[in-house]
$ cat work-v3.csv   # CSV, C-alpha atoms and all ligand atoms
chain,number,residue,atom,x,y,z
Y,1,MET,CA,226.1,-37.1,170.7
Y,2,VAL,CA,226.3,-36.9,166.9
Y,3,GLY,CA,224.2,-34.3,165.1
Y,4,ARG,CA,220.9,-33.0,166.6
Y,5,GLU,CA,222.5,-29.6,167.1
Y,6,LEU,CA,219.3,-27.9,165.8
Y,7,GLU,CA,216.9,-29.9,167.9
Y,8,LEU,CA,219.0,-29.4,171.0
Y,9,ALA,CA,219.3,-25.7,170.4
Y,10,GLN,CA,215.5,-25.5,169.9
Y,11,ALA,CA,214.9,-27.3,173.2
Y,12,GLU,CA,217.4,-25.2,175.1
Y,13,ALA,CA,216.0,-21.9,173.8
Y,14,ALA,CA,212.5,-22.9,174.7
Y,15,ILE,CA,213.5,-23.9,178.2
Y,16,ALA,CA,215.6,-20.8,178.7
Y,17,ALA,CA,212.6,-18.6,177.6
Y,18,ALA,CA,210.2,-20.5,179.9
Y,19,ARG,CA,212.5,-20.2,182.8
Y,20,ASN,CA,213.0,-16.4,182.2
Y,21,ALA,CA,209.2,-15.9,182.1
Y,22,ASP,CA,208.5,-18.3,184.9
Y,23,SER,CA,206.0,-20.0,182.6
Y,24,SER,CA,205.1,-23.6,181.8
Y,25,LEU,CA,206.4,-25.5,178.9
Y,26,VAL,CA,205.8,-28.8,177.2
Y,27,ILE,CA,208.4,-30.2,174.8
Y,28,HIS,CA,207.1,-33.1,172.8
Y,29,LEU,CA,209.9,-35.2,171.1
Y,30,SER,CA,208.5,-37.5,168.5
Y,31,GLY,CA,210.2,-40.1,166.4
Y,32,GLU,CA,210.3,-43.8,165.4
Y,33,ALA,CA,211.9,-46.4,167.6
Y,34,GLY,CA,215.7,-46.1,167.8
Y,35,ILE,CA,215.8,-42.7,166.1
Y,36,GLY,CA,217.4,-41.1,169.1
Y,37,LYS,CA,214.6,-39.6,171.3
Y,38,SER,CA,216.1,-40.9,174.6
Y,39,ARG,CA,219.6,-39.8,173.6
Y,40,LEU,CA,218.5,-36.3,172.9
Y,41,ALA,CA,216.3,-36.2,176.0
Y,42,ARG,CA,219.3,-37.2,178.1
Y,43,GLU,CA,221.2,-34.3,176.6
Y,44,ILE,CA,218.4,-31.9,177.3
Y,45,LEU,CA,218.2,-33.1,180.9
Y,46,ARG,CA,222.0,-32.7,181.4
Y,47,TRP,CA,221.7,-29.1,180.0
Y,48,ALA,CA,218.8,-28.2,182.3
Y,49,ALA,CA,220.6,-29.7,185.3
Y,50,GLY,CA,223.6,-27.6,184.4
Y,51,ALA,CA,221.3,-24.5,184.3
Y,52,GLY,CA,220.3,-25.3,187.9
Y,53,ALA,CA,217.0,-27.2,187.4
Y,54,THR,CA,216.0,-30.3,189.3
Y,55,THR,CA,215.2,-33.2,187.0
Y,56,VAL,CA,212.9,-36.2,187.6
Y,57,GLU,CA,211.9,-38.9,185.1
Y,58,ILE,CA,209.6,-41.8,184.6
Y,59,GLY,CA,209.0,-44.0,181.6
Y,60,PHE,CA,206.4,-46.4,180.3
Y,61,ASP,CA,207.2,-49.7,178.7
Y,62,ALA,CA,205.3,-52.6,177.2
Y,63,PHE,CA,206.1,-55.1,180.0
Y,64,SER,CA,205.3,-53.5,183.3
Y,65,PRO,CA,201.7,-52.5,183.4
Y,66,GLY,CA,201.5,-53.4,187.1
Y,67,GLU,CA,204.0,-50.7,188.2
Y,68,ARG,CA,203.1,-48.0,190.6
Y,69,HIS,CA,201.0,-45.1,189.3
Y,70,PRO,CA,203.0,-42.6,187.3
Y,71,ALA,CA,202.0,-39.9,189.8
Y,72,GLN,CA,203.5,-42.0,192.7
Y,73,ARG,CA,206.7,-42.6,190.7
Y,74,LEU,CA,207.1,-38.9,190.1
Y,75,VAL,CA,206.4,-37.8,193.6
Y,76,ALA,CA,208.9,-40.4,194.9
Y,77,GLN,CA,211.7,-38.5,193.1
Y,78,LEU,CA,211.0,-35.0,194.4
Y,79,PRO,CA,213.7,-33.6,196.7
Y,80,GLN,CA,211.1,-33.0,199.4
Y,81,PRO,CA,207.9,-35.1,199.8
Y,82,PRO,CA,204.8,-32.8,199.5
Y,83,MET,CA,203.1,-32.1,202.8
Y,84,PRO,CA,199.4,-31.3,203.2
Y,85,GLY,CA,198.6,-27.6,203.7
Y,86,PRO,CA,196.9,-26.5,206.9
Y,87,ARG,CA,193.5,-26.3,205.2
Y,88,ALA,CA,193.7,-29.7,203.4
Y,89,THR,CA,190.6,-31.8,203.7
Y,90,ALA,CA,190.6,-35.3,205.0
Y,91,VAL,CA,190.2,-36.6,201.4
Y,92,GLU,CA,193.1,-34.5,200.2
Y,93,ARG,CA,195.2,-35.8,203.0
Y,94,ALA,CA,194.3,-39.3,202.0
Y,95,VAL,CA,195.2,-38.8,198.4
Y,96,LEU,CA,198.4,-37.1,199.4
Y,97,SER,CA,199.4,-40.0,201.6
Y,98,TRP,CA,198.6,-42.4,198.7
Y,99,LEU,CA,200.9,-40.3,196.5
Y,100,VAL,CA,203.8,-40.3,199.0
Y,101,GLU,CA,203.7,-43.5,201.0
Y,102,PRO,CA,204.6,-46.9,199.6
Y,103,GLN,CA,202.2,-48.5,202.1
Y,104,ILE,CA,199.0,-46.5,202.6
Y,105,GLY,CA,197.1,-46.7,205.9
Y,106,ALA,CA,193.7,-48.4,206.1
Y,107,ASP,CA,191.9,-45.1,206.8
Y,108,ALA,CA,193.4,-43.3,203.8
Y,109,MET,CA,192.7,-46.4,201.6
Y,110,LEU,CA,189.0,-46.4,202.7
Y,111,ARG,CA,188.7,-42.7,201.8
Y,112,MET,CA,190.4,-43.2,198.5
Y,113,SER,CA,188.3,-46.1,197.4
Y,114,ALA,CA,185.1,-44.3,198.4
Y,115,LEU,CA,185.8,-41.7,195.7
Y,116,ASP,CA,184.2,-41.7,192.3
Y,117,PRO,CA,187.0,-42.6,189.8
Y,118,ASP,CA,186.7,-39.3,188.0
Y,119,VAL,CA,187.0,-37.4,191.3
Y,120,GLN,CA,189.8,-39.5,192.3
Y,121,GLN,CA,191.7,-38.9,189.1
Y,122,ARG,CA,191.0,-35.1,189.3
Y,123,LEU,CA,192.3,-35.0,192.9
Y,124,ILE,CA,195.5,-37.0,192.1
Y,125,ILE,CA,196.2,-34.6,189.2
Y,126,GLU,CA,195.6,-31.5,191.3
Y,127,LEU,CA,197.8,-32.7,194.2
Y,128,LEU,CA,200.5,-33.9,191.8
Y,129,ALA,CA,200.5,-30.6,189.9
Y,130,ASP,CA,200.7,-28.7,193.2
Y,131,SER,CA,203.6,-30.9,194.4
Y,132,LEU,CA,205.5,-30.3,191.1
Y,133,ARG,CA,204.8,-26.6,191.2
Y,134,GLN,CA,206.1,-26.4,194.7
Y,135,ALA,CA,209.2,-28.3,193.9
Y,136,ALA,CA,209.9,-26.0,190.9
Y,137,VAL,CA,209.5,-22.9,193.0
Y,138,GLU,CA,211.6,-24.2,196.0
Y,139,THR,CA,214.4,-25.5,193.9
Y,140,GLY,CA,216.0,-23.8,190.8
Y,141,GLY,CA,213.2,-25.0,188.5
Y,142,LEU,CA,211.9,-28.5,187.6
Y,143,LEU,CA,212.1,-30.5,184.5
Y,144,VAL,CA,210.0,-33.7,184.3
Y,145,LEU,CA,210.9,-36.2,181.6
Y,146,ILE,CA,208.2,-38.8,180.7
Y,147,GLU,CA,209.6,-41.3,178.3
Y,148,ASP,CA,207.8,-43.5,175.8
Y,149,CYS,CA,204.3,-42.1,176.2
Y,150,HIS,CA,203.1,-44.4,173.3
Y,151,TRP,CA,203.3,-47.3,175.9
Y,152,SER,CA,201.2,-45.5,178.4
Y,153,PRO,CA,198.5,-47.9,179.7
Y,154,VAL,CA,194.8,-47.3,179.0
Y,155,GLY,CA,193.7,-44.1,180.7
Y,156,ALA,CA,197.2,-42.8,181.3
Y,157,SER,CA,197.2,-40.5,178.4
Y,158,ASP,CA,194.1,-38.8,179.8
Y,159,PHE,CA,196.0,-38.5,183.0
Y,160,LEU,CA,199.0,-37.0,181.2
Y,161,LEU,CA,196.8,-34.5,179.4
Y,162,GLY,CA,195.1,-33.6,182.6
Y,163,LEU,CA,198.4,-33.1,184.3
Y,164,MET,CA,199.4,-30.7,181.4
Y,165,SER,CA,196.3,-28.6,182.0
Y,166,GLY,CA,197.0,-28.7,185.7
Y,167,LEU,CA,200.5,-27.3,185.1
Y,168,GLN,CA,199.4,-24.7,182.5
Y,169,ASP,CA,200.2,-21.8,184.9
Y,170,SER,CA,203.2,-23.4,186.7
Y,171,PRO,CA,206.9,-23.0,186.0
Y,172,VAL,CA,207.3,-26.7,185.4
Y,173,ILE,CA,208.9,-28.0,182.2
Y,174,LEU,CA,207.6,-31.3,180.8
Y,175,LEU,CA,209.6,-33.2,178.3
Y,176,LEU,CA,207.7,-36.1,176.6
Y,177,THR,CA,209.0,-38.7,174.2
Y,178,GLU,CA,206.7,-40.7,172.0
Y,179,ARG,CA,206.6,-42.7,168.8
Y,180,PRO,CA,204.2,-41.3,166.2
Y,181,HIS,CA,200.9,-43.0,166.3
Y,182,ASP,CA,197.2,-42.2,165.9
Y,183,GLY,CA,196.0,-40.2,168.9
Y,184,SER,CA,199.5,-39.4,170.1
Y,185,LEU,CA,199.8,-36.8,172.8
Y,186,ASP,CA,201.0,-34.0,170.5
Y,187,GLN,CA,198.0,-34.5,168.2
Y,188,ARG,CA,195.7,-34.4,171.2
Y,189,LEU,CA,197.5,-31.3,172.6
Y,190,ALA,CA,197.2,-29.5,169.3
Y,191,ALA,CA,193.4,-30.2,169.3
Y,192,ARG,CA,193.2,-28.7,172.8
Y,193,ALA,CA,195.1,-25.6,171.7
Y,194,ARG,CA,197.3,-25.7,174.8
Y,195,SER,CA,199.8,-22.9,174.8
Y,196,GLY,CA,203.5,-23.3,175.4
Y,197,VAL,CA,203.9,-26.5,173.5
Y,198,VAL,CA,207.1,-27.1,171.4
Y,199,ARG,CA,206.9,-30.1,169.1
Y,200,ILE,CA,210.2,-31.6,167.9
Y,201,ALA,CA,209.9,-34.4,165.3
Y,202,LEU,CA,213.2,-36.3,165.0
Y,203,PRO,CA,214.1,-37.2,161.4
Y,204,PRO,CA,216.7,-39.9,160.7
Y,205,LEU,CA,220.2,-38.4,161.1
Y,206,PRO,CA,221.5,-36.9,157.9
Y,207,GLU,CA,224.0,-39.1,156.0
Y,208,THR,CA,227.1,-37.3,157.2
Y,209,ALA,CA,226.1,-37.4,160.8
Y,210,ALA,CA,225.2,-41.1,160.5
Y,211,ARG,CA,228.6,-41.7,159.1
Y,212,ASP,CA,230.2,-39.9,162.1
Y,213,LEU,CA,228.1,-42.1,164.4
Y,214,VAL,CA,229.3,-45.3,162.8
Y,215,ARG,CA,232.9,-44.0,162.9
Y,216,ALA,CA,232.4,-43.2,166.6
Y,217,ILE,CA,231.1,-46.6,167.4
Y,218,ALA,CA,233.4,-48.6,165.1
Y,219,PRO,CA,236.5,-46.6,164.4
Y,220,GLY,CA,238.1,-47.5,161.1
Y,301,LIG,N1,222.6,-38.4,167.9
Y,301,LIG,C1,223.1,-39.6,168.4
Y,301,LIG,N2,224.4,-39.6,168.7
Y,301,LIG,C2,225.0,-40.8,169.2
Y,301,LIG,N3,224.3,-41.9,169.5
Y,301,LIG,C3,222.9,-41.9,169.2
Y,301,LIG,C4,222.3,-40.7,168.7
Y,301,LIG,N4,221.0,-41.0,168.5
Y,301,LIG,C5,220.8,-42.2,168.9
Y,301,LIG,N5,222.0,-42.8,169.4
Y,301,LIG,C6,222.2,-44.2,169.9
Y,301,LIG,O1,221.3,-45.0,169.1
Y,301,LIG,C7,220.6,-45.9,170.0
Y,301,LIG,C8,219.1,-45.7,169.9
Y,301,LIG,O2,218.8,-44.3,170.3
Y,301,LIG,P1,217.6,-44.0,171.4
Y,301,LIG,O3,217.8,-42.6,171.9
Y,301,LIG,O4,217.6,-45.0,172.5
Y,301,LIG,O5,216.3,-44.1,170.5
Y,301,LIG,P2,214.8,-43.9,170.9
Y,301,LIG,O6,214.7,-43.4,172.3
Y,301,LIG,O7,214.2,-43.0,169.9
Y,301,LIG,O8,214.2,-45.3,170.7
Y,301,LIG,C9,221.1,-45.7,171.4
Y,301,LIG,O9,222.2,-46.6,171.7
Y,301,LIG,C10,221.7,-44.2,171.3
Y,301,LIG,O10,222.7,-44.0,172.2
Y,302,MG,MG,213.9,-44.3,174.0

$ encode --input "work-v3.csv" --output "structure tokens" --more "lines below"
Ligand SMILES: Nc1ncnc2c1ncn2[C@@H]1O[C@H](COP(=O)(O)OP(=O)(O)O)[C@@H](O)[C@H]1O
Ligand SMILES: [Mg+2]
Amino acid sequence: MVGRELELAQAEAAIAAARNADSSLVIHLSGEAGIGKSRLAREILRWAAGAGATTVEIGFDAFSPGERHPAQRLVAQLPQPPMPGPRATAVERAVLSWLVEPQIGADAMLRMSALDPDVQQRLIIELLADSLRQAAVETGGLLVLIEDCHWSPVGASDFLLGLMSGLQDSPVILLLTERPHDGSLDQRLAARARSGVVRIALPPLPETAARDLVRAIAPG
């Protein structure tokens, strides 16, 4: 990777501090298309994995609105599928099986669809946050990358903000990438005064670094 030493060091320091304190962290990487968000995110993931953390990642794009729910896509990557606790209610068990199983049973489906949409969303966030916290505690920490949040379908940004509140007291590191736009997650997070947010705005590479990049791609 050419340049970005400062941004990488900033992310690494924030992650190291959060890991030491067992606290939550949200890193928001913002920048225009093609500026290098994914490249830097990849580098941060590699560093965190080297420091012993488990990493999982999902992304949004413009073309696949019919994909599985982001919560299902995240849970599918956890090293251990979450299990219901001994005191879980029937509804919690139904939501958990929806989260974990590609094909949900008829009974769980009935219970899910009987729920008010707000209650359903709240339960999904609660159980997902629990699953992520548990994975963070049982492994050497957890870093969750969510790419291209500007493409998140209607309602998904409320889901992401809800998840961030749900993880406020958990040692889970969230890394988000997003193009700047009105109502972007970092603006909405700032308005909510959530603590433990590091915002990194990627400027274009400085001229010398850009020259190095061109030389690396097309020597001579
Ligand atoms: N700092 C960098 N060093 C080397 N290659 C880079 C760097 N930043 C971006 N690139 C390359 O430029 C292209 C666009 O970067 P990408 O990270 O995909 O942008 P974004 O995710 O912001 O749209 C990719 O091919 C990527 O590998
Ligand atoms: Mg990208």

$ residues_near_ligand --input "work-v3.csv" --ligand "ligand MG 302 (chain Y)" --cutoff "9 Å" --atoms "all atoms listed in the file" --output "PyMOL selection string"
chain Y and resi 33-39+41+147-148+177-178

$ residues_near_point --input "work-v3.csv" --point "(204.7, -38.0, 199.3)" --cutoff "7 Å" --atoms "only C-alpha atoms" --output "NGL selection string"
:Y and (75-76 or 81-82 or 96-97 or 99-101)

$ closest_residue --input "work-v3.csv" --among "Y:Leu161, Y:Ile124, Y:Leu174, Y:Val137" --to "Ala191 (chain Y)" --atoms "all atoms listed in the file"
Y:Leu161

$ atom_distance --input "work-v3.csv" --atom1 "CA of Ser165 (chain Y)" --atom2 "CA of Ile146 (chain Y)"
15.7 Å

$ closest_residue --input "work-v3.csv" --among "Y:Ala51, Y:Ala90, Y:Leu185, Y:Leu176" --to "ligand LIG 301 (chain Y)" --atoms "all atoms listed in the file"
Y:Leu176
